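Content type mmCIF, C-alpha atoms and all ligand atoms, from the file start_31.cif:
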```cif
data_query
#
loop_
_atom_site.label_atom_id
_atom_site.label_comp_id
_atom_site.auth_asym_id
_atom_site.auth_seq_id
_atom_site.Cartn_x
_atom_site.Cartn_y
_atom_site.Cartn_z
CA MET A 503 -0.34 5.19 -30.36
CA ASN A 504 1.48 7.01 -27.59
CA ALA A 505 2.91 4.98 -24.74
CA ILE A 506 2.72 7.75 -22.14
CA GLU A 507 0.76 11.00 -22.07
CA PHE A 508 0.89 13.50 -19.21
CA HIS A 509 -1.65 16.29 -19.54
CA ASN A 510 -1.03 19.31 -17.30
CA VAL A 511 -0.15 17.09 -14.36
CA SER A 512 0.57 18.52 -10.93
CA PHE A 513 1.42 16.56 -7.82
CA SER A 514 2.42 17.59 -4.31
CA TYR A 515 3.37 15.46 -1.33
CA GLY A 516 1.46 17.82 0.93
CA GLY A 517 3.63 20.89 0.91
CA SER A 518 5.15 22.26 -2.25
CA PHE A 519 4.64 20.84 -5.72
CA ALA A 520 6.94 18.00 -6.80
CA ILE A 521 5.42 18.07 -10.33
CA ARG A 522 3.99 21.31 -11.74
CA ASN A 523 1.63 21.47 -14.67
CA LEU A 524 3.72 18.99 -16.61
CA SER A 525 2.78 17.77 -20.09
CA LEU A 526 4.80 15.07 -21.80
CA THR A 527 4.19 12.58 -24.57
CA VAL A 528 6.31 9.50 -25.15
CA GLY A 529 5.66 7.59 -28.36
CA GLU A 530 5.45 3.80 -28.51
CA GLY A 531 8.95 2.39 -29.02
CA GLU A 532 10.65 5.66 -28.15
CA PHE A 533 13.72 5.82 -25.92
CA ILE A 534 13.60 8.94 -23.79
CA ALA A 535 16.08 10.12 -21.18
CA VAL A 536 14.96 12.20 -18.21
CA LEU A 537 17.69 14.32 -16.67
CA GLY A 538 17.52 16.53 -13.63
CA HIS A 539 19.35 17.16 -10.40
CA ASN A 540 18.19 15.74 -7.06
CA GLY A 541 14.68 16.71 -6.07
CA SER A 542 13.63 17.82 -9.56
CA GLY A 543 10.69 15.38 -9.58
CA LYS A 544 12.03 12.48 -11.68
CA SER A 545 11.04 9.66 -9.32
CA THR A 546 7.66 11.25 -8.75
CA LEU A 547 7.14 11.27 -12.52
CA ALA A 548 8.02 7.54 -12.64
CA ARG A 549 5.61 6.68 -9.83
CA LEU A 550 2.79 8.62 -11.45
CA CYS A 551 3.18 6.51 -14.60
CA ASN A 552 1.87 3.33 -13.03
CA GLY A 553 -0.52 4.77 -10.50
CA LEU A 554 1.70 4.39 -7.44
CA LEU A 555 0.89 8.09 -7.01
CA GLU A 556 -2.18 9.94 -8.26
CA PRO A 557 -2.02 13.47 -9.70
CA ASP A 558 -3.66 16.38 -7.86
CA GLU A 559 -4.43 17.99 -11.18
CA GLY A 560 -4.34 16.90 -14.81
CA TRP A 561 -4.46 13.36 -16.13
CA ILE A 562 -2.21 10.57 -17.39
CA ASP A 563 -2.86 7.99 -20.10
CA ILE A 564 -0.77 4.87 -20.70
CA PHE A 565 -1.50 3.41 -24.13
CA SER A 566 -4.73 5.40 -24.08
CA LEU A 567 -5.84 3.92 -20.75
CA SER A 568 -6.43 6.45 -18.02
CA VAL A 569 -4.24 5.79 -14.97
CA GLY A 570 -6.92 7.50 -12.87
CA LYS A 571 -9.39 4.66 -13.42
CA ARG A 572 -9.00 1.90 -10.86
CA ARG A 573 -10.07 -0.80 -13.28
CA ASN A 574 -7.15 0.08 -15.60
CA LEU A 575 -4.46 -0.25 -12.93
CA PHE A 576 -3.87 -3.98 -13.31
CA THR A 577 -3.26 -3.67 -17.05
CA ILE A 578 -1.18 -0.53 -16.61
CA ARG A 579 1.04 -2.07 -13.95
CA LYS A 580 1.66 -5.08 -16.19
CA ASN A 581 2.61 -2.73 -18.99
CA VAL A 582 4.85 -0.34 -17.08
CA GLY A 583 7.80 -1.98 -15.36
CA ILE A 584 9.96 0.16 -13.08
CA VAL A 585 13.49 -0.70 -12.01
CA PHE A 586 14.70 1.33 -9.05
CA GLN A 587 18.05 2.58 -7.89
CA ASN A 588 19.21 0.25 -5.18
CA PRO A 589 20.11 -3.26 -6.41
CA ASP A 590 20.03 -4.56 -2.83
CA ASN A 591 16.45 -3.48 -2.12
CA GLN A 592 14.86 -5.09 -5.12
CA ALA A 593 15.36 -8.84 -4.70
CA VAL A 594 12.32 -10.49 -3.14
CA ALA A 595 13.61 -14.08 -3.22
CA SER A 596 17.03 -15.55 -2.50
CA ILE A 597 17.46 -17.52 -5.74
CA VAL A 598 17.57 -15.78 -9.11
CA GLU A 599 14.80 -17.77 -10.84
CA ASP A 600 12.43 -17.40 -7.87
CA ASP A 601 13.08 -13.71 -7.84
CA ILE A 602 12.26 -13.36 -11.52
CA ALA A 603 9.14 -15.52 -11.10
CA PHE A 604 7.73 -13.43 -8.26
CA GLY A 605 5.97 -10.73 -10.27
CA ALA A 606 4.77 -13.22 -12.88
CA GLU A 607 3.28 -15.40 -10.11
CA ASN A 608 1.57 -12.36 -8.65
CA ILE A 609 -0.33 -11.66 -11.84
CA GLY A 610 -1.57 -15.24 -11.81
CA LEU A 611 0.21 -16.73 -14.82
CA ALA A 612 0.21 -20.51 -15.29
CA ARG A 613 3.27 -22.49 -14.18
CA GLU A 614 4.50 -23.33 -17.71
CA GLU A 615 4.02 -19.78 -18.90
CA ILE A 616 6.06 -18.55 -15.92
CA GLY A 617 8.80 -21.03 -16.87
CA ARG A 618 8.82 -19.68 -20.42
CA ARG A 619 8.96 -16.11 -19.20
CA ILE A 620 11.87 -16.86 -16.87
CA ASP A 621 13.79 -18.39 -19.81
CA PHE A 622 13.03 -15.41 -21.99
CA ALA A 623 13.89 -12.82 -19.32
CA LEU A 624 17.15 -14.53 -18.30
CA LYS A 625 18.22 -14.66 -21.91
CA ALA A 626 17.28 -11.04 -22.56
CA VAL A 627 19.56 -9.86 -19.76
CA GLY A 628 22.31 -12.42 -20.48
CA MET A 629 22.00 -14.17 -17.12
CA GLU A 630 21.07 -17.72 -18.22
CA ALA A 631 24.05 -19.16 -16.37
CA TYR A 632 22.84 -17.72 -13.07
CA ARG A 633 19.35 -19.20 -12.96
CA HIS A 634 20.00 -21.13 -9.74
CA ALA A 635 22.47 -18.70 -8.22
CA ALA A 636 21.94 -16.90 -4.91
CA CYS A 637 21.01 -13.25 -5.51
CA SER A 638 23.29 -12.22 -2.65
CA ARG A 639 26.36 -13.55 -4.52
CA LEU A 640 25.82 -11.41 -7.60
CA SER A 641 27.60 -8.16 -8.48
CA GLY A 642 25.61 -4.91 -8.48
CA GLY A 643 25.31 -4.95 -12.26
CA GLN A 644 24.11 -8.55 -12.22
CA LYS A 645 21.56 -7.77 -9.50
CA GLN A 646 20.14 -4.95 -11.60
CA ARG A 647 20.00 -7.25 -14.62
CA VAL A 648 18.00 -9.72 -12.51
CA ALA A 649 15.74 -6.84 -11.42
CA ILE A 650 15.22 -5.97 -15.09
CA ALA A 651 14.51 -9.65 -15.83
CA GLY A 652 11.87 -9.69 -13.08
CA VAL A 653 10.16 -6.74 -14.72
CA LEU A 654 10.56 -8.28 -18.20
CA ALA A 655 8.83 -11.46 -17.03
CA LEU A 656 5.66 -9.36 -16.95
CA ASP A 657 6.32 -8.51 -20.61
CA PRO A 658 5.87 -4.75 -20.10
CA LYS A 659 5.62 -2.47 -23.11
CA VAL A 660 7.26 0.33 -21.13
CA LEU A 661 10.42 0.03 -19.09
CA ILE A 662 11.25 2.83 -16.67
CA LEU A 663 14.70 2.87 -15.11
CA ASP A 664 14.82 5.22 -12.16
CA GLU A 665 18.55 5.86 -11.75
CA ALA A 666 18.95 2.10 -12.00
CA THR A 667 22.66 2.42 -12.72
CA ALA A 668 23.47 5.03 -10.07
CA MET A 669 24.96 2.59 -7.60
CA LEU A 670 26.89 0.51 -10.11
CA ASP A 671 30.53 0.61 -11.12
CA PRO A 672 31.30 1.63 -14.73
CA ARG A 673 31.25 -1.96 -15.92
CA GLY A 674 27.90 -2.72 -14.27
CA ARG A 675 26.53 0.50 -15.72
CA ARG A 676 27.61 -0.46 -19.22
CA GLU A 677 26.11 -3.97 -18.83
CA VAL A 678 22.76 -2.56 -17.83
CA MET A 679 22.80 0.16 -20.49
CA ASP A 680 23.62 -2.34 -23.24
CA ILE A 681 20.70 -4.53 -22.20
CA VAL A 682 18.31 -1.61 -22.04
CA THR A 683 19.39 -0.35 -25.46
CA ARG A 684 18.80 -3.83 -26.92
CA LEU A 685 15.37 -4.13 -25.31
CA ASN A 686 14.45 -0.89 -27.02
CA ARG A 687 16.04 -1.47 -30.42
CA GLU A 688 15.36 -5.18 -30.84
CA GLN A 689 12.13 -5.71 -28.93
CA GLY A 690 10.60 -2.31 -29.51
CA ARG A 691 9.96 -1.61 -25.85
CA THR A 692 9.44 1.99 -24.86
CA VAL A 693 12.20 3.10 -22.49
CA VAL A 694 12.20 5.96 -19.99
CA LEU A 695 15.71 6.27 -18.67
CA ILE A 696 15.98 8.48 -15.62
CA THR A 697 19.62 9.24 -15.06
CA HIS A 698 22.12 11.84 -14.01
CA PHE A 699 24.83 10.29 -16.17
CA MET A 700 24.85 12.45 -19.27
CA GLU A 701 26.66 9.83 -21.33
CA GLU A 702 23.78 7.40 -20.75
CA ALA A 703 21.32 9.95 -22.06
CA LEU A 704 23.18 9.98 -25.38
CA ARG A 705 21.66 6.62 -26.23
CA ALA A 706 18.17 8.05 -26.12
CA ASP A 707 16.13 9.36 -29.09
CA ARG A 708 15.10 12.36 -27.02
CA ALA A 709 16.06 13.89 -23.71
CA VAL A 710 14.10 16.08 -21.34
CA VAL A 711 15.57 18.06 -18.48
CA MET A 712 13.53 18.57 -15.33
CA ASN A 713 13.91 21.32 -12.80
CA ARG A 714 11.62 21.95 -9.81
CA GLY A 715 8.92 19.66 -11.15
CA GLU A 716 8.88 21.14 -14.64
CA ILE A 717 10.33 20.18 -18.01
CA VAL A 718 12.73 23.01 -18.80
CA MET A 719 14.61 21.62 -21.80
CA GLN A 720 13.71 19.13 -24.47
CA GLY A 721 15.39 17.87 -27.65
CA THR A 722 17.80 15.31 -29.02
CA PRO A 723 20.54 14.52 -26.48
CA SER A 724 23.18 16.26 -28.60
CA ASP A 725 20.99 19.38 -28.94
CA ILE A 726 20.65 19.48 -25.18
CA PHE A 727 24.37 19.01 -24.56
CA GLU A 728 25.13 21.89 -26.90
CA ARG A 729 23.17 24.16 -24.54
CA HIS A 730 25.96 24.02 -22.05
CA GLU A 731 25.32 27.28 -20.18
CA GLU A 732 21.67 26.45 -19.69
CA LEU A 733 22.46 23.01 -18.30
CA ILE A 734 24.65 24.60 -15.67
CA THR A 735 21.77 26.78 -14.47
CA TYR A 736 19.87 23.55 -13.76
CA ASN A 737 22.80 22.15 -11.81
CA LEU A 738 23.67 19.70 -14.53
CA ALA A 739 27.32 19.73 -15.45
CA LEU A 740 28.66 18.14 -18.60
CA PRO A 741 31.11 15.33 -17.95
CA ARG A 742 34.74 16.13 -18.60
CA ILE A 743 34.69 14.96 -22.19
CA GLY A 744 31.80 17.34 -22.87
CA CYS A 745 33.88 20.22 -21.52
CA ILE A 746 36.76 19.14 -23.77
CA CYS A 747 34.42 19.25 -26.80
CA GLU A 748 33.37 22.75 -25.80
CA ALA A 749 36.95 23.88 -25.43
CA LEU A 750 37.87 22.43 -28.83
CA LYS A 751 34.96 24.23 -30.47
CA GLN A 752 35.88 27.51 -28.81
CA GLY A 753 39.45 26.95 -29.95
CA GLY A 754 38.29 26.70 -33.56
CA LEU A 755 38.03 22.93 -34.07
CA PRO A 756 34.40 22.37 -35.09
CA VAL A 757 33.71 19.00 -33.43
CA GLY A 758 30.11 18.00 -32.68
CA ALA A 759 28.73 17.35 -29.23
CA THR A 760 29.68 13.84 -28.24
CA LEU A 761 30.49 12.17 -24.97
CA ASP A 762 32.05 9.19 -26.66
CA GLU A 763 35.83 9.19 -26.58
CA GLU A 764 36.35 7.19 -29.78
CA LYS A 765 33.90 9.31 -31.68
CA LEU A 766 35.59 12.47 -30.48
CA ALA A 767 38.99 11.15 -31.53
CA GLU A 768 37.57 10.37 -34.96
CA GLU A 769 36.05 13.82 -35.28
CA ILE A 770 39.29 15.52 -34.29
CA ALA A 771 41.15 13.47 -36.90
CA GLN A 772 38.58 14.42 -39.56
CA CYS A 773 38.72 18.12 -38.66
CA LEU A 774 42.50 18.11 -38.79
CA SER A 775 42.65 16.30 -42.12
CA ARG A 776 40.14 18.80 -43.58
CA GLN A 777 42.27 21.67 -42.28
CA ASN A 778 45.37 20.15 -43.87
CA ASP A 779 43.71 19.74 -47.27
N1 LIG A 801 7.71 10.69 0.04
C1 LIG A 801 7.89 12.02 -0.02
N2 LIG A 801 7.36 12.85 0.90
C2 LIG A 801 7.51 14.20 0.82
N3 LIG A 801 8.22 14.82 -0.13
C3 LIG A 801 8.80 14.05 -1.07
C4 LIG A 801 8.67 12.61 -1.07
N4 LIG A 801 9.35 12.12 -2.13
C5 LIG A 801 9.86 13.19 -2.76
N5 LIG A 801 9.54 14.34 -2.14
C6 LIG A 801 9.92 15.70 -2.57
O1 LIG A 801 9.43 15.90 -3.87
C7 LIG A 801 10.37 16.55 -4.70
C8 LIG A 801 10.70 15.71 -5.90
O2 LIG A 801 11.33 14.50 -5.45
P1 LIG A 801 11.70 13.31 -6.41
O3 LIG A 801 10.58 13.03 -7.32
O4 LIG A 801 12.19 12.19 -5.55
O5 LIG A 801 12.91 13.94 -7.23
P2 LIG A 801 14.17 13.23 -7.95
O6 LIG A 801 13.81 11.82 -8.20
O7 LIG A 801 14.36 14.05 -9.17
O8 LIG A 801 15.32 13.36 -7.02
C9 LIG A 801 11.58 16.83 -3.80
O9 LIG A 801 11.47 18.15 -3.32
C10 LIG A 801 11.43 15.85 -2.68
O10 LIG A 801 11.97 16.36 -1.49
MG MG A 802 14.79 10.02 -7.75
#
```
Once more with this new file: its structure as structure tokens, please.
Ligand SMILES: Nc1ncnc2c1ncn2[C@@H]1O[C@H](COP(=O)(O)OP(=O)(O)O)[C@@H](O)[C@H]1O
Ligand SMILES: [Mg+2]
Amino acid sequence: MNAIEFHNVSFSYGGSFAIRNLSLTVGEGEFIAVLGHNGSGKSTLARLCNGLLEPDEGWIDIFSLSVGKRRNLFTIRKNVGIVFQNPDNQAVASIVEDDIAFGAENIGLAREEIGRRIDFALKAVGMEAYRHAACSRLSGGQKQRVAIAGVLALDPKVLILDEATAMLDPRGRREVMDIVTRLNREQGRTVVLITHFMEEALRADRAVVMNRGEIVMQGTPSDIFERHEELITYNLALPRIGCICEALKQGGLPVGATLDEEKLAEEIAQCLSRQND
């Protein structure tokens, strides 16, 4: 079964279209990255997934349930958890465990079940030691992990991260990305990672690039990164290491597209040893 299906969806905030005739299918258990420069429609796409916004045209199904039907919204919102960009805007309670419990309380779960879900969610994001901590004392990365835990307490099948690492330092970013990768690989949750960090997109099974409300590129992350010139036309620049790969290839060293330093070093070594043979 597919987790997410967009069928010819258009949406405008009144004036011009933020999403134009967009079709997209995300399979259950898939990890997809959505790339695109500011204003390309990524957040609108996220909000359409759980009915926070309704399409002007086309339709959306989440696990075969139509988002357009009011009676499906409760189930859909339980199944699609969204973590947003700003770690400081997401806490609703001052203590970590209360914050994680909030959503679970809102869907009317029994006390013991909420307790179990808090345990599970804290463990999943590696924050067991902070159960009684004040949210305000946490680092940005820790706050986002608590935000993810709050969403996980609802046991969603789909996790959408809308630039959830954008305001974090490199360490916080890695913490969050490691957790998200595990939630996908080990728990089989479908992940939609909206990001403008190309290296994060490398962890995905598939990447799509958005521009002006449309999907303009689609493929495996390394396929997409190989299409360097095209990325630039959509205002997406490869990180420095990507440019180095390009330069090496142009210079006659056939390395693959990677944004991982160790992998690149390995590839260079392999190429050189082949050339010396
Ligand atoms: N609440 C809003 N009211 C009016 N226009 C909006 C609103 N939110 C977004 N837009 C516009 O819709 C387009 C897509 O925005 P958005 O989905 O936020 O893109 P992204 O997340 O890729 O930056 C942009 O042109 C933006 O200005
Ligand atoms: Mg956005």
**Request:** Could you please give me, as a PyMOL selection string, the residues of protein, DNA or RNA lying at most 12 Å from (24.0, 10.0, -7.6) in the coordinate frame of the file, considering all atoms listed in the file?
**Result:** chain A and resi 537-541+587-588+664-671+696-700+738
**Message:** I'd like to know which of A:Arg549, A:Arg579, A:Arg708, A:Arg675 is closest to ligand MG 802 (chain A), using only C-alpha atoms and all ligand atoms.
**Reply:**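 Between A:Arg549, A:Arg579, A:Arg708, A:Arg675, the residue approaching ligand MG 802 (chain A) most closely is A:Arg549.
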Counting only C-alpha atoms, which residues of stretch 612-680 of chain A sit at most 12 Å from some atom of stretch 559-574 of chain A, and what is each one's closest atom pair with its distance in Å to one decimal, listed by chain and rising residue number, as CSV?
```
residue,atom,partner,partner_atom,distance
A:Pro658,CA,A:Ile564,CA,11.7
A:Lys659,CA,A:Phe565,CA,9.3
A:Val660,CA,A:Ile564,CA,9.2
```
**Request:** Return the single residue from A:Gly721, A:Gly531, A:Gly754, A:Gly543 that is closest to ligand MG 802 (chain A), with distances computed using all atoms listed in the file.
**Result:**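 Using all atoms listed in the file, ligand MG 802 (chain A) sits closest to A:Gly543.
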Using all atoms listed in the file, which protein or nucleic acid residues come within 12 Å of A:Ile584? Drop anything in the same chain fewer than 4 positions from it, and give the result as an mmCIF file with C-alpha atoms, in the frame of the given file.
```cif
data_model
loop_
_atom_site.group_PDB
_atom_site.id
_atom_site.type_symbol
_atom_site.label_atom_id
_atom_site.label_comp_id
_atom_site.auth_asym_id
_atom_site.auth_seq_id
_atom_site.Cartn_x
_atom_site.Cartn_y
_atom_site.Cartn_z
ATOM 1 C CA SER A 545 11.040 9.660 -9.320
ATOM 2 C CA LEU A 547 7.140 11.270 -12.520
ATOM 3 C CA ALA A 548 8.020 7.540 -12.640
ATOM 4 C CA ARG A 549 5.610 6.680 -9.830
ATOM 5 C CA LEU A 550 2.790 8.620 -11.450
ATOM 6 C CA CYS A 551 3.180 6.510 -14.600
ATOM 7 C CA ASN A 552 1.870 3.330 -13.030
ATOM 8 C CA GLY A 553 -0.520 4.770 -10.500
ATOM 9 C CA LEU A 554 1.700 4.390 -7.440
ATOM 10 C CA ILE A 578 -1.180 -0.530 -16.610
ATOM 11 C CA ARG A 579 1.040 -2.070 -13.950
ATOM 12 C CA LYS A 580 1.660 -5.080 -16.190
ATOM 13 C CA GLN A 592 14.860 -5.090 -5.120
ATOM 14 C CA GLY A 605 5.970 -10.730 -10.270
ATOM 15 C CA GLN A 646 20.140 -4.950 -11.600
ATOM 16 C CA ALA A 649 15.740 -6.840 -11.420
ATOM 17 C CA ILE A 650 15.220 -5.970 -15.090
ATOM 18 C CA ALA A 651 14.510 -9.650 -15.830
ATOM 19 C CA GLY A 652 11.870 -9.690 -13.080
ATOM 20 C CA VAL A 653 10.160 -6.740 -14.720
ATOM 21 C CA LEU A 654 10.560 -8.280 -18.200
ATOM 22 C CA LEU A 656 5.660 -9.360 -16.950
ATOM 23 C CA PRO A 658 5.870 -4.750 -20.100
ATOM 24 C CA LYS A 659 5.620 -2.470 -23.110
ATOM 25 C CA VAL A 660 7.260 0.330 -21.130
ATOM 26 C CA LEU A 661 10.420 0.030 -19.090
ATOM 27 C CA ILE A 662 11.250 2.830 -16.670
ATOM 28 C CA LEU A 663 14.700 2.870 -15.110
ATOM 29 C CA ASP A 664 14.820 5.220 -12.160
ATOM 30 C CA GLU A 665 18.550 5.860 -11.750
ATOM 31 C CA ALA A 666 18.950 2.100 -12.000
ATOM 32 C CA THR A 692 9.440 1.990 -24.860
ATOM 33 C CA VAL A 693 12.200 3.100 -22.490
ATOM 34 C CA VAL A 694 12.200 5.960 -19.990
ATOM 35 C CA LEU A 695 15.710 6.270 -18.670
ATOM 36 C CA ILE A 696 15.980 8.480 -15.620
#
```
**Request:** Check the smallest atom-to-atom distance from each of A:Val682, A:Val585, A:Leu624, A:Leu524 to ligand MG 802 (chain A) using all atoms listed in the file, then report the winner.
**Result:** A:Val585
**Prompt:** Taking all atoms listed in the file into account, which of A:Thr735, A:Leu611, A:Glu763, A:Val598 comes nearest A:Arg633?
**Reply:**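 Among the listed residues, the smallest separation from A:Arg633 belongs to A:Val598.
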**Asked** Which is closer to ligand MG 802 (chain A) than all the others in A:Ala706, A:Ile609, A:Met712, A:Leu575, using only C-alpha atoms and all ligand atoms?
**Response**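 Going through A:Ala706, A:Ile609, A:Met712, A:Leu575 one by one, the smallest distance to ligand MG 802 (chain A) is for A:Met712.
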**Counting all atoms listed in the file, the option among A:Ala520, A:Ala626, A:Ala749, A:Met719 closest to A:Glu732** = A:Met719
